[in-house]
$ cat upload_17.cif   # mmCIF, C-alpha atoms
data_structure
#
loop_
_atom_site.label_atom_id
_atom_site.label_comp_id
_atom_site.auth_asym_id
_atom_site.auth_seq_id
_atom_site.Cartn_x
_atom_site.Cartn_y
_atom_site.Cartn_z
CA MET I 15 94.44 122.46 55.37
CA THR I 16 90.78 122.70 56.42
CA THR I 17 89.25 119.34 57.32
CA GLU I 18 85.69 118.23 56.68
CA ARG I 19 85.01 118.44 60.43
CA GLU I 20 86.25 122.02 60.58
CA ARG I 21 84.07 122.98 57.63
CA TRP I 22 81.10 121.45 59.45
CA LEU I 23 81.90 123.29 62.69
CA ALA I 24 82.18 126.55 60.75
CA MET I 25 78.48 126.27 59.93
CA THR I 26 77.76 127.44 63.50
CA LEU I 27 79.95 130.40 64.30
CA GLU I 28 79.57 132.51 67.44
CA ASP I 29 81.46 135.31 69.12
CA ALA I 30 82.69 134.47 72.59
CA LEU I 31 80.34 135.66 75.31
CA GLU I 32 81.90 137.59 78.19
CA PRO I 33 85.40 137.37 76.71
CA ASP I 34 87.08 138.78 79.83
CA LEU I 35 86.01 135.95 82.15
CA PRO I 36 89.18 133.97 83.09
CA ILE I 37 88.98 130.25 82.34
CA CYS I 38 91.15 127.30 83.30
CA ASP I 39 90.32 124.37 81.04
CA PRO I 40 91.04 121.33 83.25
CA HIS I 41 90.60 118.61 80.65
CA HIS I 42 92.00 118.34 77.15
CA HIS I 43 94.27 116.02 75.20
CA LEU I 44 97.24 116.33 72.86
CA TRP I 45 98.24 113.76 70.28
CA ALA I 46 99.88 113.07 66.93
CA ARG I 47 98.21 110.13 65.25
CA PRO I 48 98.06 109.02 61.62
CA ASN I 49 95.92 111.63 59.84
CA ASP I 50 94.97 113.16 63.21
CA ARG I 51 97.05 115.87 64.83
CA TYR I 52 96.19 117.90 67.93
CA LEU I 53 99.30 119.64 69.17
CA LEU I 54 100.15 123.14 70.38
CA GLU I 55 99.13 124.86 67.16
CA GLU I 56 95.75 123.12 67.05
CA ILE I 57 94.76 123.69 70.67
CA LEU I 58 95.83 127.34 70.51
CA LYS I 59 93.60 127.77 67.47
CA ASP I 60 90.68 126.52 69.55
CA THR I 61 91.51 128.43 72.72
CA GLY I 62 92.11 131.53 70.61
CA GLY I 63 88.47 131.75 69.56
CA GLY I 64 87.69 134.66 71.87
CA HIS I 65 87.41 133.18 75.36
CA HIS I 66 89.98 134.16 77.99
CA ILE I 67 91.69 130.80 78.49
CA VAL I 68 94.38 131.37 81.09
CA GLN I 69 95.64 127.85 81.79
CA THR I 70 94.88 124.26 80.84
CA VAL I 71 95.38 120.76 82.21
CA PHE I 72 96.37 117.85 79.96
CA VAL I 73 94.78 114.47 80.67
CA GLN I 74 96.21 111.17 79.45
CA CYS I 75 95.05 109.74 76.14
CA GLY I 76 97.65 107.08 75.30
CA SER I 77 99.76 109.38 73.16
CA MET I 78 103.49 109.11 72.43
CA TYR I 79 104.15 106.11 74.66
CA ARG I 80 107.69 104.80 74.54
CA THR I 81 108.18 101.95 72.09
CA LYS I 82 110.99 100.31 74.05
CA GLY I 83 111.67 99.33 77.62
CA PRO I 84 109.45 97.74 80.29
CA GLU I 85 105.76 97.82 79.38
CA GLU I 86 104.73 99.56 82.59
CA MET I 87 107.20 102.39 81.91
CA ARG I 88 106.06 103.16 78.38
CA PRO I 89 103.39 105.71 79.44
CA ILE I 90 106.22 107.94 80.73
CA GLY I 91 106.73 108.88 77.08
CA GLU I 92 103.40 110.71 77.12
CA THR I 93 104.43 112.82 80.10
CA GLU I 94 107.75 113.64 78.43
CA PHE I 95 105.92 114.61 75.24
CA VAL I 96 103.45 116.90 77.02
CA GLN I 97 106.17 118.38 79.21
CA GLY I 98 107.88 119.51 76.01
CA ILE I 99 104.73 121.17 74.68
CA ALA I 100 104.11 122.80 78.05
CA ALA I 101 107.64 124.22 78.01
CA GLN I 102 107.01 125.63 74.52
CA SER I 103 103.86 127.31 75.72
CA ALA I 104 105.49 128.63 78.89
CA SER I 105 108.18 130.35 76.83
CA GLY I 106 105.69 133.13 76.20
CA GLN I 107 106.27 133.02 72.45
CA TYR I 108 102.88 131.43 71.71
CA GLY I 109 100.54 133.85 73.44
CA ALA I 110 99.15 134.33 76.93
CA THR I 111 97.36 130.97 77.29
CA GLU I 112 99.52 128.50 79.21
CA ILE I 113 98.95 125.00 77.87
CA ALA I 114 99.36 121.97 80.15
CA THR I 115 100.32 123.77 83.34
CA GLY I 116 99.10 120.57 84.93
CA ILE I 117 99.62 117.03 83.59
CA VAL I 118 97.58 113.92 84.43
CA GLY I 119 99.22 110.75 83.14
CA PHE I 120 98.61 107.03 83.13
CA ALA I 121 100.09 104.47 85.47
CA ASP I 122 98.73 100.93 85.56
CA LEU I 123 97.38 100.68 89.10
CA ARG I 124 96.77 96.96 88.53
CA LEU I 125 100.48 96.61 89.32
CA GLY I 126 99.62 97.19 92.96
CA ALA I 127 102.51 98.44 95.08
CA ALA I 128 104.83 97.71 92.13
CA VAL I 129 103.48 100.88 90.46
CA THR I 130 105.82 102.95 92.66
CA PRO I 131 108.71 103.23 90.13
CA VAL I 132 106.23 104.33 87.46
CA LEU I 133 104.95 107.16 89.64
CA GLU I 134 108.52 108.17 90.45
CA ALA I 135 109.36 108.25 86.74
CA HIS I 136 106.34 110.42 85.91
CA ARG I 137 107.34 112.90 88.58
CA ALA I 138 110.93 112.93 87.33
CA ALA I 139 109.74 113.54 83.76
CA SER I 140 107.69 116.55 84.86
CA LYS I 141 108.66 117.59 88.36
CA ASP I 142 106.74 120.89 88.26
CA ARG I 143 103.62 119.90 86.31
CA PHE I 144 102.73 116.27 87.00
CA ARG I 145 99.66 116.23 89.24
CA GLY I 146 97.99 112.85 89.12
CA VAL I 147 96.91 109.69 87.33
CA ARG I 148 93.94 108.62 85.30
CA HIS I 149 93.44 104.88 85.01
CA ILE I 150 90.32 104.53 82.87
CA SER I 151 87.78 102.15 84.37
CA ALA I 152 84.90 102.78 81.92
CA TRP I 153 83.40 99.34 81.20
CA ASP I 154 79.98 98.14 80.13
CA ALA I 155 78.70 94.71 79.16
CA SER I 156 77.28 96.02 75.89
CA PRO I 157 79.66 95.60 72.92
CA VAL I 158 78.36 98.96 71.63
CA MET I 159 80.36 100.73 74.32
CA ARG I 160 84.01 101.40 73.81
CA ARG I 161 86.21 98.85 75.57
CA HIS I 162 89.41 100.26 77.03
CA ASP I 163 92.39 97.94 77.29
CA VAL I 164 93.10 98.97 80.88
CA ALA I 165 89.49 98.67 82.07
CA SER I 166 87.57 95.61 83.20
CA LYS I 167 84.43 94.73 85.09
CA GLY I 168 84.76 95.53 88.78
CA LEU I 169 88.19 97.13 88.41
CA LEU I 170 87.61 99.72 91.14
CA LEU I 171 86.78 96.94 93.60
CA ASP I 172 89.89 94.89 92.84
CA SER I 173 92.25 94.55 95.81
CA THR I 174 95.47 94.76 93.75
CA PHE I 175 94.21 97.87 91.94
CA ARG I 176 93.52 99.42 95.34
CA LYS I 177 97.07 98.72 96.48
CA GLY I 178 98.27 100.73 93.49
CA PHE I 179 95.67 103.38 94.23
CA ALA I 180 97.03 103.69 97.77
CA ARG I 181 100.44 104.54 96.36
CA LEU I 182 98.90 107.57 94.64
CA GLN I 183 97.81 108.90 97.99
CA GLU I 184 101.28 108.37 99.44
CA PHE I 185 102.75 110.38 96.54
CA GLY I 186 100.23 113.18 97.04
CA MET I 187 98.79 112.62 93.57
CA SER I 188 95.13 112.96 92.59
CA PHE I 189 93.05 110.40 90.72
CA ASP I 190 90.93 111.20 87.67
CA ALA I 191 88.03 108.75 87.40
CA TRP I 192 86.60 108.06 83.94
CA LEU I 193 83.79 105.53 84.12
CA TYR I 194 80.19 105.01 82.98
CA PHE I 195 77.23 105.93 85.16
CA PRO I 196 76.31 102.31 86.13
CA GLN I 197 79.75 102.10 87.79
CA LEU I 198 79.32 105.17 90.01
CA ASP I 199 78.37 103.08 93.05
CA GLU I 200 81.63 101.14 92.65
CA LEU I 201 83.44 104.47 92.69
CA ALA I 202 81.57 105.38 95.87
CA ASP I 203 82.90 102.19 97.47
CA LEU I 204 86.44 103.20 96.48
CA VAL I 205 85.95 106.72 97.79
CA LYS I 206 84.68 105.36 101.10
CA ALA I 207 87.84 103.28 101.44
CA PHE I 208 90.09 106.29 100.72
CA PRO I 209 88.44 109.30 102.37
CA ASP I 210 91.59 111.44 102.16
CA MET I 211 92.28 110.83 98.47
CA ARG I 212 91.46 113.60 96.01
CA ILE I 213 89.21 112.02 93.35
CA ILE I 214 88.04 113.88 90.27
CA ILE I 215 85.06 112.48 88.37
CA ASN I 216 85.49 113.04 84.63
CA HIS I 217 82.65 114.00 82.27
CA VAL I 218 79.89 114.26 84.92
CA GLY I 219 80.15 110.54 85.65
CA GLY I 220 79.48 109.11 82.20
CA PRO I 221 75.76 109.26 81.41
CA LEU I 222 75.00 107.05 78.39
CA GLY I 223 72.42 107.23 75.64
CA ILE I 224 73.31 104.62 73.03
CA GLY I 225 73.10 100.84 72.79
CA PRO I 226 70.97 99.42 75.63
CA TYR I 227 70.55 102.96 77.03
CA ALA I 228 69.09 104.50 73.88
CA GLY I 229 65.59 105.88 74.37
CA ARG I 230 65.89 105.65 78.16
CA HIS I 231 67.02 109.22 78.84
CA GLU I 232 64.84 109.91 81.89
CA GLU I 233 65.59 106.53 83.49
CA VAL I 234 69.33 107.03 83.00
CA PHE I 235 69.10 110.58 84.31
CA GLN I 236 67.34 109.52 87.51
CA THR I 237 69.77 106.66 88.16
CA TRP I 238 72.71 108.96 87.48
CA LYS I 239 71.32 111.58 89.89
CA ARG I 240 70.99 109.07 92.73
CA SER I 241 74.55 107.83 92.32
CA MET I 242 76.03 111.32 91.95
CA ALA I 243 74.15 112.51 95.04
CA ARG I 244 75.71 109.67 97.01
CA LEU I 245 79.19 110.66 95.82
CA ALA I 246 78.54 114.28 96.70
CA GLY I 247 78.42 113.18 100.32
CA TYR I 248 82.18 112.63 100.25
CA PRO I 249 84.06 115.95 100.50
CA ASN I 250 87.13 114.59 98.70
CA VAL I 251 85.21 114.11 95.42
CA VAL I 252 85.20 116.77 92.70
CA VAL I 253 83.36 116.78 89.34
CA LYS I 254 84.40 117.88 85.88
CA VAL I 255 81.29 119.25 84.17
CA GLY I 256 81.53 118.55 80.46
CA GLY I 257 82.16 115.73 78.00
CA PHE I 258 78.64 115.90 76.57
CA GLY I 259 79.89 115.90 72.98
CA MET I 260 80.98 112.27 73.08
CA PRO I 261 78.64 110.17 70.92
CA ALA I 262 78.10 107.70 73.77
CA CYS I 263 76.11 110.34 75.64
CA GLY I 264 73.43 109.92 73.01
CA PHE I 265 72.70 113.54 72.09
CA GLY I 266 73.49 112.87 68.42
CA TRP I 267 74.87 116.32 67.59
CA HIS I 268 77.70 114.77 65.56
CA GLU I 269 75.12 113.34 63.13
CA ARG I 270 73.33 116.62 62.44
CA ALA I 271 73.60 118.57 59.22
CA LYS I 272 74.69 121.58 61.27
CA PRO I 273 76.31 121.81 64.73
CA PRO I 274 74.24 123.02 67.69
CA THR I 275 74.31 126.63 68.83
CA SER I 276 75.38 127.41 72.37
CA ALA I 277 71.74 128.13 73.24
CA GLU I 278 70.70 124.66 72.02
CA LEU I 279 73.61 123.06 73.81
CA ALA I 280 72.89 124.90 77.06
CA LYS I 281 69.26 123.80 77.03
CA ALA I 282 70.21 120.15 76.55
CA ILE I 283 72.97 119.90 79.15
CA ALA I 284 71.70 122.32 81.81
CA PRO I 285 69.92 119.61 83.87
CA TYR I 286 73.22 117.72 84.30
CA CYS I 287 75.31 120.83 84.91
CA LEU I 288 72.93 122.40 87.40
CA PHE I 289 72.42 119.16 89.32
CA CYS I 290 76.18 118.75 89.76
CA ILE I 291 76.60 122.36 90.84
CA GLU I 292 73.66 122.24 93.25
CA THR I 293 74.73 118.89 94.72
CA PHE I 294 78.51 119.27 94.93
CA GLY I 295 78.73 123.08 95.15
CA VAL I 296 80.82 125.42 93.02
CA GLU I 297 83.95 124.65 95.06
CA ARG I 298 83.79 121.04 93.86
CA CYS I 299 82.77 121.58 90.23
CA MET I 300 84.81 122.71 87.23
CA PHE I 301 83.77 123.16 83.61
CA GLU I 302 85.88 121.23 81.06
CA SER I 303 86.19 121.17 77.27
CA ASN I 304 87.28 117.54 76.72
CA PHE I 305 88.85 118.66 73.44
CA PRO I 306 89.47 117.50 70.83
CA VAL I 307 87.21 114.54 71.67
CA ASP I 308 84.10 116.72 72.01
CA LYS I 309 85.04 118.58 68.83
CA VAL I 310 83.10 115.91 66.97
CA SER I 311 79.91 117.65 68.19
CA TYR I 312 80.62 121.38 68.64
CA SER I 313 83.32 124.02 68.61
CA TYR I 314 85.41 125.21 71.52
CA THR I 315 83.85 128.65 71.44
CA VAL I 316 80.32 127.25 71.42
CA VAL I 317 80.78 124.92 74.40
CA TRP I 318 82.21 127.65 76.64
CA ASN I 319 79.40 129.95 75.52
CA ALA I 320 76.95 127.26 76.63
CA PHE I 321 78.54 127.04 80.09
CA LYS I 322 78.34 130.82 80.38
CA ARG I 323 74.67 130.81 79.38
CA ILE I 324 73.86 128.17 82.00
CA THR I 325 75.52 130.20 84.77
CA LYS I 326 74.52 133.71 83.68
CA GLU I 327 72.49 134.25 86.89
CA PHE I 328 75.26 133.03 89.18
CA SER I 329 77.30 135.40 91.34
CA LEU I 330 80.76 136.57 90.30
CA LYS I 331 82.28 134.44 93.06
CA GLU I 332 80.42 131.31 91.97
CA ARG I 333 81.40 131.74 88.34
CA ALA I 334 85.01 132.43 89.26
CA ALA I 335 85.10 129.04 91.01
CA LEU I 336 83.40 127.12 88.20
CA PHE I 337 85.43 128.57 85.36
CA GLN I 338 88.86 128.84 86.99
CA GLY I 339 89.20 128.70 90.76
CA THR I 340 88.21 125.10 91.46
CA ALA I 341 90.40 123.71 88.68
CA ALA I 342 93.42 125.79 89.73
CA ARG I 343 93.01 124.74 93.37
CA ILE I 344 92.37 121.06 92.75
CA TYR I 345 95.28 120.69 90.32
CA ARG I 346 97.50 122.99 92.39
CA LEU I 347 98.22 125.34 89.52
CA ASP I 348 100.35 128.39 90.09
CA THR I 349 101.80 130.25 87.12
CA ASP I 350 104.95 131.18 89.02
CA ASP I 351 105.57 127.55 89.95
CA VAL I 352 105.42 126.09 86.46
CA ARG I 353 107.57 128.51 84.46
#
$ encode --input "upload_17.cif" --output "structure tokens"
Amino acid sequence: MTTERERWLAMTLEDALEPDLPICDPHHHLWARPNDRYLLEEILKDTGGGHHIVQTVFVQCGSMYRTKGPEEMRPIGETEFVQGIAAQSASGQYGATEIATGIVGFADLRLGAAVTPVLEAHRAASKDRFRGVRHISAWDASPVMRRHDVASKGLLLDSTFRKGFARLQEFGMSFDAWLYFPQLDELADLVKAFPDMRIIINHVGGPLGIGPYAGRHEEVFQTWKRSMARLAGYPNVVVKVGGFGMPACGFGWHERAKPPTSAELAKAIAPYCLFCIETFGVERCMFESNFPVDKVSYSYTVVWNAFKRITKEFSLKERAALFQGTAARIYRLDTDDVR
């Protein structure tokens, strides 16, 4: 059944540019919610739009938590759920794209050292695919911004949170950081305290353009640049370049009569993409889809076309890193290891 959103997205149809370029999509979600389903069939429909999507990484979204047992163990249900979908995909019966070759789950790091059994359970639930944890810290004083249950003001500076964070390092797991741009300096403080921890900034560090940040694009951009430049000074920090379709970014594409073309999208997001690439380098940047969240603003084919347009003058080696190599290296993806 075609949804209203899909009919809207179909108003801007494009063929995939450079369809032979291998891509690892390092950030997408899977869920089954009331009247909202994004499972193997749905993501394969998106990845099957013409781009050469080789592998993907699933990132936690609060889906399929256990309904029984200790509260801190309930997120293990999400890893079990995704592990099952990954096994389906790896069977080879659903095409060449391997979905969820890497899994990033949730563990409540506010538990401190007591988070250890949770990390052990995640690894047991997906011994070949589980790579790390995302504990969302995105918080803003404005009620316009989404408030996450697990986030709070100053979370990254909290001593008990940091004790849990230290356990990640001991397990050899990475940390995905999802926060808003005013919090980037707090992340820098965390990074400084854990120089050997692999930290992956989600969605270019959360630039905002709604609520108190509406109409302040240039001011936000300059503040964001300063904070991101500071983080680039730490070699253990990597950036996911994407997430621009979220309404909080303030571009407003989701409110248009027709979705943007990849040329329009590329023009709007190029300053952010190019700054990240120039500042962190291609070996510490990876393009991401953030689907289906970003699907509110544009199609899967269009967003990857935009990334290709932005990097059309880059070398083959640079593009190989941005579209596949960095993601595969950071998330330790190896096809032979996950089958």
$ closest_residue --input "upload_17.cif" --among "I:Glu292, I:Asp210, I:Glu86, I:Glu56" --to "Glu184 in chain I" --atoms "all atoms listed in the file"
I:Asp210
$ resolve_selection --input "upload_17.cif" --expression "the PyMOL selection byres ((chain I and resi 272-279) around 10)" --output "MDAnalysis selection string"
chainID I and resid 22:28 258:259 265 267:271 280:284 310:313 315:324
$ closest_residue --input "upload_17.cif" --among "I:Ala46, I:Arg80, I:Ala155, I:Ala342" --to "Tyr227 in chain I" --atoms "all atoms listed in the file"
I:Ala155
$ residues_around --input "upload_17.cif" --residues "Gln74 in chain I" --least-positions-apart "6" --cutoff "9 Å" --atoms "only C-alpha atoms" --output "list in words"
His42, His43, Leu44, Glu92, Thr93, Ile117, Val118, Gly119, Phe120, Val147, Arg148 and His149 of chain I
$ closest_residue --input "upload_17.cif" --among "I:Leu182, I:Val218, I:Cys75, I:Ala228" --to "His162 in chain I" --atoms "all atoms listed in the file"
I:Cys75
$ residues_around --input "upload_17.cif" --residues "Tyr345 in chain I" --least-positions-apart "6" --cutoff "12 Å" --atoms "only C-alpha atoms" --output "VMD selection string"
chain I and resid 38 to 41 69 to 73 114 to 118 142 to 147 186 to 190 212 to 214 252 300 338 to 339
$ atom_distance --input "upload_17.cif" --atom1 "CA of Val132 in chain I" --atom2 "CA of Gln97 in chain I"
16.3 Å
$ atom_distance --input "upload_17.cif" --atom1 "CA of Arg19 in chain I" --atom2 "CA of Lys309 in chain I"
8.4 Å
$ atom_distance --input "upload_17.cif" --atom1 "CA of Leu204 in chain I" --atom2 "CA of His217 in chain I"
18.2 Å
$ residues_around --input "upload_17.cif" --residues "range 243-251 of chain I" --least-positions-apart "5" --cutoff "9 Å" --atoms "only C-alpha atoms" --output "list of chain:residue names"
I:Leu198, I:Asp199, I:Leu201, I:Ala202, I:Val205, I:Lys206, I:Pro209, I:Asp210, I:Met211, I:Arg212, I:Ile213, I:Ile214, I:Ile215, I:Trp238, I:Phe289, I:Cys290, I:Thr293, I:Phe294, I:Gly295, I:Arg298
$ residues_around --input "upload_17.cif" --residues "Arg176 in chain I" --least-positions-apart "6" --cutoff "10 Å" --atoms "all atoms listed in the file" --output "JSON, numbers by chain"
{"I": [123, 124, 125, 126, 127, 169, 170, 182, 204, 207, 208]}
$ resolve_selection --input "upload_17.cif" --expression "the PyMOL selection byres ((chain I and resi 87) around 10)" --output "ChimeraX atom specification"
/I:79-86,88-91,120-122,129,131-133,135-136
$ resolve_selection --input "upload_17.cif" --expression "the PyMOL selection byres ((chain I and resi 255) around 7)" --output "list of chain:residue names"
I:His217, I:Val218, I:Val253, I:Lys254, I:Gly256, I:Cys287, I:Cys299, I:Met300, I:Phe301, I:Glu302
$ write_last_selection --input "upload_17.cif" --atoms "C-alpha atoms" --output "short mmCIF file (atom, residue, chain, number, x, y, z; two decimals), in the coordinates of the input"
data_model
loop_
_atom_site.label_atom_id
_atom_site.label_comp_id
_atom_site.auth_asym_id
_atom_site.auth_seq_id
_atom_site.Cartn_x
_atom_site.Cartn_y
_atom_site.Cartn_z
CA HIS I 217 82.65 114.00 82.27
CA VAL I 218 79.89 114.26 84.92
CA VAL I 253 83.36 116.78 89.34
CA LYS I 254 84.40 117.88 85.88
CA GLY I 256 81.53 118.55 80.46
CA CYS I 287 75.31 120.83 84.91
CA CYS I 299 82.77 121.58 90.23
CA MET I 300 84.81 122.71 87.23
CA PHE I 301 83.77 123.16 83.61
CA GLU I 302 85.88 121.23 81.06
#
$ residues_near_point --input "upload_17.cif" --point "(85.1, 99.5, 82.3)" --cutoff "8 Å" --atoms "only C-alpha atoms" --output "list of chain:residue names"
I:Ile150, I:Ser151, I:Ala152, I:Trp153, I:Asp154, I:Arg161, I:His162, I:Ala165, I:Ser166, I:Lys167, I:Gly168, I:Leu169, I:Leu193, I:Tyr194
$ decode --input "upload_17.cif" --residues "range 310-322 of chain I" --atoms "C-alpha atoms" --output "mmCIF file, in the first residue's frame"
data_model
loop_
_atom_site.group_PDB
_atom_site.id
_atom_site.type_symbol
_atom_site.label_atom_id
_atom_site.label_comp_id
_atom_site.auth_asym_id
_atom_site.auth_seq_id
_atom_site.Cartn_x
_atom_site.Cartn_y
_atom_site.Cartn_z
ATOM 1 C CA VAL I 310 10.385 12.847 5.780
ATOM 2 C CA SER I 311 12.374 15.258 3.568
ATOM 3 C CA TYR I 312 13.788 13.340 0.578
ATOM 4 C CA SER I 313 14.226 9.916 -0.948
ATOM 5 C CA TYR I 314 17.121 7.532 -0.462
ATOM 6 C CA THR I 315 18.181 7.847 -4.079
ATOM 7 C CA VAL I 316 18.137 11.647 -3.946
ATOM 8 C CA VAL I 317 20.266 11.983 -0.803
ATOM 9 C CA TRP I 318 23.031 9.720 -2.124
ATOM 10 C CA ASN I 319 22.909 11.595 -5.430
ATOM 11 C CA ALA I 320 23.457 14.799 -3.450
ATOM 12 C CA PHE I 321 26.522 13.363 -1.708
ATOM 13 C CA LYS I 322 27.894 12.282 -5.078
#
